[in-house]
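As stored in protein.pdb (PDB, C-alpha atoms):
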ATOM      1  CA  MET F   1     -52.625-201.327-113.496  1.00  0.00           C
ATOM      2  CA  ALA F   2     -50.392-200.556-116.477  1.00  0.00           C
ATOM      3  CA  ALA F   3     -47.295-198.493-115.805  1.00  0.00           C
ATOM      4  CA  PHE F   4     -47.373-194.913-117.072  1.00  0.00           C
ATOM      5  CA  ASP F   5     -44.286-193.589-118.826  1.00  0.00           C
ATOM      6  CA  PRO F   6     -43.411-190.385-116.905  1.00  0.00           C
ATOM      7  CA  SER F   7     -41.159-188.948-119.594  1.00  0.00           C
ATOM      8  CA  PRO F   8     -41.876-185.318-120.560  1.00  0.00           C
ATOM      9  CA  ALA F   9     -42.646-186.334-124.141  1.00  0.00           C
ATOM     10  CA  ASN F  10     -45.218-188.922-123.058  1.00  0.00           C
ATOM     11  CA  ILE F  11     -46.813-186.581-120.539  1.00  0.00           C
ATOM     12  CA  ASP F  12     -47.113-183.892-123.191  1.00  0.00           C
ATOM     13  CA  ALA F  13     -48.553-186.349-125.700  1.00  0.00           C
ATOM     14  CA  HIS F  14     -51.288-187.495-123.292  1.00  0.00           C
ATOM     15  CA  THR F  15     -52.227-184.090-121.888  1.00  0.00           C
ATOM     16  CA  VAL F  16     -55.503-182.677-123.169  1.00  0.00           C
ATOM     17  CA  ARG F  17     -55.291-178.903-123.505  1.00  0.00           C
ATOM     18  CA  GLN F  18     -58.322-176.794-124.175  1.00  0.00           C
ATOM     19  CA  THR F  19     -59.411-173.192-123.800  1.00  0.00           C
ATOM     20  CA  LEU F  20     -63.053-172.598-122.914  1.00  0.00           C
ATOM     21  CA  PRO F  21     -65.049-169.832-124.627  1.00  0.00           C
ATOM     22  CA  ASN F  22     -64.569-167.540-121.611  1.00  0.00           C
ATOM     23  CA  GLY F  23     -60.775-167.924-121.754  1.00  0.00           C
ATOM     24  CA  MET F  24     -60.358-170.497-118.982  1.00  0.00           C
ATOM     25  CA  GLN F  25     -57.473-172.861-119.784  1.00  0.00           C
ATOM     26  CA  LEU F  26     -57.582-176.606-119.100  1.00  0.00           C
ATOM     27  CA  ALA F  27     -54.675-179.067-118.904  1.00  0.00           C
ATOM     28  CA  LEU F  28     -55.914-182.605-118.266  1.00  0.00           C
ATOM     29  CA  LEU F  29     -53.746-185.705-117.928  1.00  0.00           C
ATOM     30  CA  PRO F  30     -55.736-188.928-117.470  1.00  0.00           C
ATOM     31  CA  LYS F  31     -53.601-191.842-116.322  1.00  0.00           C
ATOM     32  CA  PRO F  32     -54.014-194.944-114.175  1.00  0.00           C
ATOM     33  CA  THR F  33     -53.424-194.401-110.458  1.00  0.00           C
ATOM     34  CA  ARG F  34     -53.616-196.491-107.327  1.00  0.00           C
ATOM     35  CA  GLY F  35     -57.081-196.335-105.817  1.00  0.00           C
ATOM     36  CA  GLY F  36     -58.412-194.071-108.571  1.00  0.00           C
ATOM     37  CA  ALA F  37     -56.594-191.047-107.168  1.00  0.00           C
ATOM     38  CA  VAL F  38     -57.058-187.651-108.817  1.00  0.00           C
ATOM     39  CA  ASN F  39     -55.083-184.463-108.118  1.00  0.00           C
ATOM     40  CA  GLY F  40     -55.861-180.981-109.344  1.00  0.00           C
ATOM     41  CA  THR F  41     -54.996-177.312-109.152  1.00  0.00           C
ATOM     42  CA  LEU F  42     -57.332-174.435-109.986  1.00  0.00           C
ATOM     43  CA  ILE F  43     -55.935-170.911-110.257  1.00  0.00           C
ATOM     44  CA  LEU F  44     -57.938-167.708-110.648  1.00  0.00           C
ATOM     45  CA  ARG F  45     -55.864-164.740-111.762  1.00  0.00           C
ATOM     46  CA  ILE F  46     -57.363-161.457-110.661  1.00  0.00           C
ATOM     47  CA  GLY F  47     -57.030-157.720-111.107  1.00  0.00           C
ATOM     48  CA  ASN F  48     -54.181-155.590-112.376  1.00  0.00           C
ATOM     49  CA  LEU F  49     -51.525-153.379-110.837  1.00  0.00           C
ATOM     50  CA  GLU F  50     -53.582-150.210-110.598  1.00  0.00           C
ATOM     51  CA  ALA F  51     -56.810-151.846-109.449  1.00  0.00           C
ATOM     52  CA  LEU F  52     -55.053-153.857-106.723  1.00  0.00           C
ATOM     53  CA  ARG F  53     -53.247-151.015-104.984  1.00  0.00           C
ATOM     54  CA  GLY F  54     -53.849-151.202-101.242  1.00  0.00           C
ATOM     55  CA  LYS F  55     -55.700-154.527-101.513  1.00  0.00           C
ATOM     56  CA  GLY F  56     -53.066-156.894-100.088  1.00  0.00           C
ATOM     57  CA  SER F  57     -54.784-157.864 -96.836  1.00  0.00           C
ATOM     58  CA  VAL F  58     -58.225-157.720 -98.439  1.00  0.00           C
ATOM     59  CA  GLY F  59     -57.110-160.196-101.092  1.00  0.00           C
ATOM     60  CA  SER F  60     -55.525-162.642 -98.668  1.00  0.00           C
ATOM     61  CA  LEU F  61     -58.471-162.550 -96.256  1.00  0.00           C
ATOM     62  CA  THR F  62     -60.957-162.996 -99.097  1.00  0.00           C
ATOM     63  CA  GLY F  63     -59.187-166.162-100.188  1.00  0.00           C
ATOM     64  CA  ALA F  64     -58.916-167.479 -96.651  1.00  0.00           C
ATOM     65  CA  MET F  65     -62.642-166.907 -96.041  1.00  0.00           C
ATOM     66  CA  LEU F  66     -63.925-168.822 -99.063  1.00  0.00           C
ATOM     67  CA  ASP F  67     -64.391-172.160 -97.298  1.00  0.00           C
ATOM     68  CA  ARG F  68     -65.690-170.594 -94.063  1.00  0.00           C
ATOM     69  CA  GLY F  69     -69.201-170.332 -95.442  1.00  0.00           C
ATOM     70  CA  ALA F  70     -70.589-170.494 -98.983  1.00  0.00           C
ATOM     71  CA  GLY F  71     -74.052-170.815-100.476  1.00  0.00           C
ATOM     72  CA  ALA F  72     -76.201-172.647 -97.936  1.00  0.00           C
ATOM     73  CA  PHE F  73     -73.164-174.266 -96.285  1.00  0.00           C
ATOM     74  CA  THR F  74     -71.492-173.299 -93.023  1.00  0.00           C
ATOM     75  CA  ARG F  75     -67.779-173.778 -92.470  1.00  0.00           C
ATOM     76  CA  GLN F  76     -68.392-177.100 -90.722  1.00  0.00           C
ATOM     77  CA  GLN F  77     -70.738-178.329 -93.419  1.00  0.00           C
ATOM     78  CA  ILE F  78     -68.156-177.558 -96.104  1.00  0.00           C
ATOM     79  CA  ALA F  79     -65.508-179.435 -94.120  1.00  0.00           C
ATOM     80  CA  ASP F  80     -67.879-182.380 -93.654  1.00  0.00           C
ATOM     81  CA  ARG F  81     -68.665-182.400 -97.354  1.00  0.00           C
ATOM     82  CA  PHE F  82     -64.967-182.439 -98.260  1.00  0.00           C
ATOM     83  CA  GLU F  83     -64.501-185.394 -95.936  1.00  0.00           C
ATOM     84  CA  ALA F  84     -67.461-187.244 -97.456  1.00  0.00           C
ATOM     85  CA  LEU F  85     -65.923-186.743-100.890  1.00  0.00           C
ATOM     86  CA  LYS F  86     -62.592-188.161 -99.665  1.00  0.00           C
ATOM     87  CA  ALA F  87     -61.038-184.837-100.600  1.00  0.00           C
ATOM     88  CA  ASN F  88     -58.102-182.894 -99.269  1.00  0.00           C
ATOM     89  CA  VAL F  89     -58.507-179.253-100.271  1.00  0.00           C
ATOM     90  CA  SER F  90     -56.333-176.211 -99.643  1.00  0.00           C
ATOM     91  CA  ILE F  91     -57.350-172.694-100.678  1.00  0.00           C
ATOM     92  CA  SER F  92     -55.045-169.702-100.567  1.00  0.00           C
ATOM     93  CA  GLY F  93     -55.524-166.196-101.872  1.00  0.00           C
ATOM     94  CA  SER F  94     -53.631-162.978-102.389  1.00  0.00           C
ATOM     95  CA  ASP F  95     -54.248-159.683-104.131  1.00  0.00           C
ATOM     96  CA  GLU F  96     -53.167-161.307-107.412  1.00  0.00           C
ATOM     97  CA  ARG F  97     -54.504-164.855-107.485  1.00  0.00           C
ATOM     98  CA  VAL F  98     -56.496-167.578-105.785  1.00  0.00           C
ATOM     99  CA  THR F  99     -55.061-171.091-105.729  1.00  0.00           C
ATOM    100  CA  VAL F 100     -57.092-174.216-104.972  1.00  0.00           C
ATOM    101  CA  ARG F 101     -55.275-177.536-104.658  1.00  0.00           C
ATOM    102  CA  PHE F 102     -57.225-180.739-104.221  1.00  0.00           C
ATOM    103  CA  ASP F 103     -57.022-184.496-104.320  1.00  0.00           C
ATOM    104  CA  THR F 104     -59.854-186.996-104.316  1.00  0.00           C
ATOM    105  CA  ARG F 105     -60.923-190.217-106.040  1.00  0.00           C
ATOM    106  CA  ARG F 106     -62.333-190.712-109.512  1.00  0.00           C
ATOM    107  CA  GLU F 107     -65.936-191.251-108.417  1.00  0.00           C
ATOM    108  CA  TYR F 108     -66.005-188.099-106.294  1.00  0.00           C
ATOM    109  CA  LEU F 109     -64.398-185.659-108.755  1.00  0.00           C
ATOM    110  CA  PRO F 110     -67.641-184.330-110.325  1.00  0.00           C
ATOM    111  CA  ASP F 111     -69.219-183.578-106.947  1.00  0.00           C
ATOM    112  CA  LEU F 112     -66.010-182.009-105.655  1.00  0.00           C
ATOM    113  CA  LEU F 113     -65.729-179.663-108.641  1.00  0.00           C
ATOM    114  CA  ALA F 114     -69.361-178.630-108.141  1.00  0.00           C
ATOM    115  CA  LEU F 115     -68.696-177.898-104.477  1.00  0.00           C
ATOM    116  CA  LEU F 116     -65.580-175.888-105.317  1.00  0.00           C
ATOM    117  CA  ARG F 117     -67.655-173.790-107.699  1.00  0.00           C
ATOM    118  CA  THR F 118     -70.022-172.966-104.829  1.00  0.00           C
ATOM    119  CA  VAL F 119     -67.122-172.130-102.519  1.00  0.00           C
ATOM    120  CA  LEU F 120     -65.491-169.862-105.089  1.00  0.00           C
ATOM    121  CA  ARG F 121     -68.606-168.200-106.419  1.00  0.00           C
ATOM    122  CA  LEU F 122     -70.939-167.906-103.428  1.00  0.00           C
ATOM    123  CA  PRO F 123     -68.926-167.187-100.257  1.00  0.00           C
ATOM    124  CA  THR F 124     -70.994-165.648 -97.461  1.00  0.00           C
ATOM    125  CA  PHE F 125     -68.160-164.049 -95.445  1.00  0.00           C
ATOM    126  CA  PRO F 126     -69.764-164.575 -92.010  1.00  0.00           C
ATOM    127  CA  GLY F 127     -68.693-161.915 -89.513  1.00  0.00           C
ATOM    128  CA  ASN F 128     -67.806-164.313 -86.713  1.00  0.00           C
ATOM    129  CA  GLU F 129     -65.526-166.293 -89.021  1.00  0.00           C
ATOM    130  CA  LEU F 130     -63.817-163.100 -90.172  1.00  0.00           C
ATOM    131  CA  GLU F 131     -63.081-162.091 -86.582  1.00  0.00           C
ATOM    132  CA  THR F 132     -61.679-165.547 -85.817  1.00  0.00           C
ATOM    133  CA  LEU F 133     -59.487-165.438 -88.912  1.00  0.00           C
ATOM    134  CA  ARG F 134     -58.362-161.876 -88.203  1.00  0.00           C
ATOM    135  CA  ALA F 135     -57.357-162.757 -84.635  1.00  0.00           C
ATOM    136  CA  SER F 136     -55.392-165.832 -85.702  1.00  0.00           C
ATOM    137  CA  SER F 137     -53.674-163.915 -88.526  1.00  0.00           C
ATOM    138  CA  ILE F 138     -52.599-161.120 -86.187  1.00  0.00           C
ATOM    139  CA  ALA F 139     -51.411-163.636 -83.605  1.00  0.00           C
ATOM    140  CA  GLY F 140     -49.330-165.304 -86.306  1.00  0.00           C
ATOM    141  CA  ILE F 141     -47.682-161.994 -87.214  1.00  0.00           C
ATOM    142  CA  GLU F 142     -46.996-161.157 -83.570  1.00  0.00           C
ATOM    143  CA  SER F 143     -45.333-164.535 -83.070  1.00  0.00           C
ATOM    144  CA  GLN F 144     -42.964-163.812 -85.967  1.00  0.00           C
ATOM    145  CA  ARG F 145     -41.522-160.614 -84.534  1.00  0.00           C
ATOM    146  CA  LYS F 146     -38.752-162.469 -82.682  1.00  0.00           C
ATOM    147  CA  GLN F 147     -38.251-165.369 -85.073  1.00  0.00           C
ATOM    148  CA  PRO F 148     -35.127-165.098 -87.256  1.00  0.00           C
ATOM    149  CA  ASN F 149     -36.714-167.244 -89.979  1.00  0.00           C
ATOM    150  CA  ALA F 150     -39.481-164.632 -90.274  1.00  0.00           C
ATOM    151  CA  LEU F 151     -37.444-161.481 -89.641  1.00  0.00           C
ATOM    152  CA  ALA F 152     -34.828-162.275 -92.281  1.00  0.00           C
ATOM    153  CA  PRO F 153     -37.241-162.691 -95.251  1.00  0.00           C
ATOM    154  CA  ASN F 154     -39.101-159.538 -94.230  1.00  0.00           C
ATOM    155  CA  ALA F 155     -35.890-157.526 -93.989  1.00  0.00           C
ATOM    156  CA  LEU F 156     -34.688-158.935 -97.304  1.00  0.00           C
ATOM    157  CA  GLY F 157     -37.997-158.135 -98.974  1.00  0.00           C
ATOM    158  CA  ARG F 158     -37.854-154.559 -97.740  1.00  0.00           C
ATOM    159  CA  TYR F 159     -34.198-153.993 -98.579  1.00  0.00           C
ATOM    160  CA  GLY F 160     -33.974-151.853-101.669  1.00  0.00           C
ATOM    161  CA  ASN F 161     -37.675-152.323-102.401  1.00  0.00           C
ATOM    162  CA  PRO F 162     -38.551-149.452-104.753  1.00  0.00           C
ATOM    163  CA  TYR F 163     -42.318-149.798-104.507  1.00  0.00           C
ATOM    164  CA  PRO F 164     -44.512-147.534-102.366  1.00  0.00           C
ATOM    165  CA  ALA F 165     -46.844-148.800 -99.649  1.00  0.00           C
ATOM    166  CA  GLY F 166     -50.013-150.167-101.211  1.00  0.00           C
ATOM    167  CA  ASP F 167     -48.292-151.495-104.308  1.00  0.00           C
ATOM    168  CA  PRO F 168     -48.858-155.285-104.620  1.00  0.00           C
ATOM    169  CA  ARG F 169     -45.059-155.709-104.821  1.00  0.00           C
ATOM    170  CA  TYR F 170     -44.389-153.736-101.627  1.00  0.00           C
ATOM    171  CA  THR F 171     -43.204-155.667 -98.557  1.00  0.00           C
ATOM    172  CA  PRO F 172     -44.980-154.285 -95.468  1.00  0.00           C
ATOM    173  CA  THR F 173     -43.540-154.135 -91.974  1.00  0.00           C
ATOM    174  CA  PHE F 174     -45.117-156.295 -89.301  1.00  0.00           C
ATOM    175  CA  ASP F 175     -46.860-153.217 -87.879  1.00  0.00           C
ATOM    176  CA  GLU F 176     -48.244-152.318 -91.295  1.00  0.00           C
ATOM    177  CA  SER F 177     -49.523-155.851 -91.820  1.00  0.00           C
ATOM    178  CA  VAL F 178     -51.329-155.838 -88.474  1.00  0.00           C
ATOM    179  CA  ALA F 179     -52.865-152.416 -89.166  1.00  0.00           C
ATOM    180  CA  GLU F 180     -54.107-153.587 -92.557  1.00  0.00           C
ATOM    181  CA  LEU F 181     -55.695-156.704 -91.076  1.00  0.00           C
ATOM    182  CA  ARG F 182     -57.489-154.667 -88.428  1.00  0.00           C
ATOM    183  CA  SER F 183     -58.918-152.284 -91.016  1.00  0.00           C
ATOM    184  CA  VAL F 184     -60.577-154.891 -93.264  1.00  0.00           C
ATOM    185  CA  SER F 185     -64.349-155.359 -93.008  1.00  0.00           C
ATOM    186  CA  ALA F 186     -66.686-158.030 -94.367  1.00  0.00           C
ATOM    187  CA  THR F 187     -67.965-155.427 -96.822  1.00  0.00           C
ATOM    188  CA  ASP F 188     -64.417-155.011 -98.157  1.00  0.00           C
ATOM    189  CA  LEU F 189     -64.235-158.756 -98.778  1.00  0.00           C
ATOM    190  CA  ARG F 190     -67.589-158.849-100.572  1.00  0.00           C
ATOM    191  CA  ASP F 191     -66.596-155.900-102.742  1.00  0.00           C
ATOM    192  CA  PHE F 192     -63.233-157.462-103.600  1.00  0.00           C
ATOM    193  CA  HIS F 193     -64.858-160.791-104.455  1.00  0.00           C
ATOM    194  CA  GLY F 194     -67.554-159.204-106.581  1.00  0.00           C
ATOM    195  CA  ARG F 195     -65.103-157.000-108.441  1.00  0.00           C
ATOM    196  CA  PHE F 196     -62.216-159.355-109.103  1.00  0.00           C
ATOM    197  CA  TYR F 197     -63.252-163.013-108.863  1.00  0.00           C
ATOM    198  CA  GLY F 198     -64.053-164.787-112.114  1.00  0.00           C
ATOM    199  CA  ALA F 199     -62.970-167.659-114.322  1.00  0.00           C
ATOM    200  CA  GLU F 200     -62.087-165.640-117.427  1.00  0.00           C
ATOM    201  CA  HIS F 201     -58.344-165.976-116.776  1.00  0.00           C
ATOM    202  CA  ALA F 202     -58.512-169.193-114.739  1.00  0.00           C
ATOM    203  CA  GLN F 203     -56.404-172.303-115.211  1.00  0.00           C
ATOM    204  CA  LEU F 204     -57.452-175.823-114.222  1.00  0.00           C
ATOM    205  CA  ALA F 205     -55.042-178.762-114.240  1.00  0.00           C
ATOM    206  CA  ILE F 206     -56.121-182.299-113.321  1.00  0.00           C
ATOM    207  CA  VAL F 207     -53.961-185.432-113.214  1.00  0.00           C
ATOM    208  CA  GLY F 208     -55.009-188.972-112.394  1.00  0.00           C
ATOM    209  CA  ASP F 209     -57.770-191.512-112.946  1.00  0.00           C
ATOM    210  CA  PHE F 210     -60.609-189.575-114.608  1.00  0.00           C
ATOM    211  CA  ASP F 211     -62.315-189.135-117.963  1.00  0.00           C
ATOM    212  CA  ALA F 212     -60.953-186.071-119.774  1.00  0.00           C
ATOM    213  CA  ASN F 213     -64.042-185.558-121.947  1.00  0.00           C
ATOM    214  CA  ASP F 214     -66.309-185.585-118.905  1.00  0.00           C
ATOM    215  CA  ALA F 215     -63.991-183.151-117.133  1.00  0.00           C
ATOM    216  CA  VAL F 216     -64.042-180.719-120.069  1.00  0.00           C
ATOM    217  CA  ARG F 217     -67.849-180.791-120.207  1.00  0.00           C
ATOM    218  CA  GLN F 218     -68.143-180.249-116.472  1.00  0.00           C
ATOM    219  CA  ALA F 219     -65.570-177.479-116.380  1.00  0.00           C
ATOM    220  CA  GLU F 220     -67.417-175.627-119.147  1.00  0.00           C
ATOM    221  CA  PHE F 221     -70.746-176.108-117.334  1.00  0.00           C
ATOM    222  CA  LEU F 222     -69.414-175.042-113.927  1.00  0.00           C
ATOM    223  CA  PHE F 223     -66.871-172.376-114.792  1.00  0.00           C
ATOM    224  CA  GLY F 224     -67.294-171.521-118.466  1.00  0.00           C
TER     225      GLY F 224
END

Can you dump the structure from the file as structure tokens?
Amino acid sequence: MAAFDPSPANIDAHTVRQTLPNGMQLALLPKPTRGGAVNGTLILRIGNLEALRGKGSVGSLTGAMLDRGAGAFTRQQIADRFEALKANVSISGSDERVTVRFDTRREYLPDLLALLRTVLRLPTFPGNELETLRASSIAGIESQRKQPNALAPNALGRYGNPYPAGDPRYTPTFDESVAELRSVSATDLRDFHGRFYGAEHAQLAIVGDFDANDAVRQAEFLFG
């Protein structure tokens, strides 16, 4: 395996950049890796300041629910499929963006991207999974109430914060966060997903052992 020059100039020279017709931006860096490893990040940017007012908990729960059921797959089936594709996948969401980070091997990349499309586009938001997620999220907040490493950032975020409650930039109290989580329904998640999720302002970056031309074609087919 030939060594890859990691200098910024060489990385820039070998990165394939392309914008799909729908506005999705691609940054692809093919290079030799041990074991054919491939790493990627997919970001969906959603909404605007006015549209996202009061949507903080809805946005975060929507993102967290994506891999708990999508298309014809249950949460366990999605997890099993990730494992079969030798993939490590993390999905996080907020009221402003959804971030998917993944790593896999060259031969599994096409199937993984297809599965991620299903997860992002066709979540089913099963009620039992929402209740499990809600309970664990509230428990996490309750456990932070006496932890200095959680209290300090919250106090700092609230100090001098000029934004009103509901503004995406507002830092809620622990009580406010719990109340918001308890108020969210599966219908709220479906509405948020249907209204804000899309690939028009998405960004996909892939680095590792893969074919850039194939990746561009697949990205346009799946997300374009």

Identify which of the residues F:Leu113, F:Ile46, F:Leu156, F:Val89 lies closest to F:Val216, counting all atoms listed in the file when measuring atom-to-atom distances.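 Answer, going by the shortest atom-to-atom distance: F:Leu113.
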
Residue neighbourhood F:Glu200, 7 Å, all atoms listed in the file, exclusion window fewer than 5 positions, as a short mmCIF file (atom, residue, chain, number, x, y, z; two decimals) with C-alpha atoms, in the frame of the given file:
data_model
loop_
_atom_site.label_atom_id
_atom_site.label_comp_id
_atom_site.auth_asym_id
_atom_site.auth_seq_id
_atom_site.Cartn_x
_atom_site.Cartn_y
_atom_site.Cartn_z
CA ASN F 22 -64.57 -167.54 -121.61
CA GLY F 23 -60.78 -167.92 -121.75
CA MET F 24 -60.36 -170.50 -118.98
#

All residues 9 Å or closer to F:Ile78, all atoms listed in the file, same chain fewer than 2 positions away omitted, as a list of chain:residue names: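 Result of the neighbour search: F:Asp67, F:Arg68, F:Gly69, F:Ala70, F:Phe73, F:Thr74, F:Arg75, F:Gln76, F:Asp80, F:Arg81, F:Phe82, F:Glu83, F:Leu115, F:Val119.
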
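Within 7 Å of the file-frame point (-52.6, -194.5, -112.2), and using only C-alpha atoms, the polymer residues found are Met1, Lys31, Pro32, Thr33, Arg34, Gly36, Gly208 and Asp209 of chain F.
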
Selection: 8 Å around F:Ala202, only C-alpha atoms, excl. self and same-chain fewer than 5 positions, as an mmCIF file with C-alpha atoms, keeping the file's coordinate frame:
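Writing the result to out-v7.cif gives the following:
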data_model
loop_
_atom_site.group_PDB
_atom_site.id
_atom_site.type_symbol
_atom_site.label_atom_id
_atom_site.label_comp_id
_atom_site.auth_asym_id
_atom_site.auth_seq_id
_atom_site.Cartn_x
_atom_site.Cartn_y
_atom_site.Cartn_z
ATOM 1 C CA GLY F 23 -60.775 -167.924 -121.754
ATOM 2 C CA MET F 24 -60.358 -170.497 -118.982
ATOM 3 C CA GLN F 25 -57.473 -172.861 -119.784
ATOM 4 C CA LEU F 42 -57.332 -174.435 -109.986
ATOM 5 C CA ILE F 43 -55.935 -170.911 -110.257
ATOM 6 C CA LEU F 44 -57.938 -167.708 -110.648
ATOM 7 C CA ARG F 45 -55.864 -164.740 -111.762
#

Could you list, as a PDB file with C-alpha atoms, in the frame of the given file, every residue matched by the PyMOL selection byres ((chain F and resi 38) around 8) in this structure?
ATOM      1  CA  THR F  33     -53.424-194.401-110.458  1.00  0.00           C
ATOM      2  CA  GLY F  36     -58.412-194.071-108.571  1.00  0.00           C
ATOM      3  CA  ALA F  37     -56.594-191.047-107.168  1.00  0.00           C
ATOM      4  CA  ASN F  39     -55.083-184.463-108.118  1.00  0.00           C
ATOM      5  CA  GLY F  40     -55.861-180.981-109.344  1.00  0.00           C
ATOM      6  CA  ASP F 103     -57.022-184.496-104.320  1.00  0.00           C
ATOM      7  CA  THR F 104     -59.854-186.996-104.316  1.00  0.00           C
ATOM      8  CA  ARG F 105     -60.923-190.217-106.040  1.00  0.00           C
ATOM      9  CA  ARG F 106     -62.333-190.712-109.512  1.00  0.00           C
ATOM     10  CA  LEU F 109     -64.398-185.659-108.755  1.00  0.00           C
ATOM     11  CA  ILE F 206     -56.121-182.299-113.321  1.00  0.00           C
ATOM     12  CA  VAL F 207     -53.961-185.432-113.214  1.00  0.00           C
ATOM     13  CA  GLY F 208     -55.009-188.972-112.394  1.00  0.00           C
ATOM     14  CA  ASP F 209     -57.770-191.512-112.946  1.00  0.00           C
ATOM     15  CA  PHE F 210     -60.609-189.575-114.608  1.00  0.00           C
TER      16      PHE F 210
END
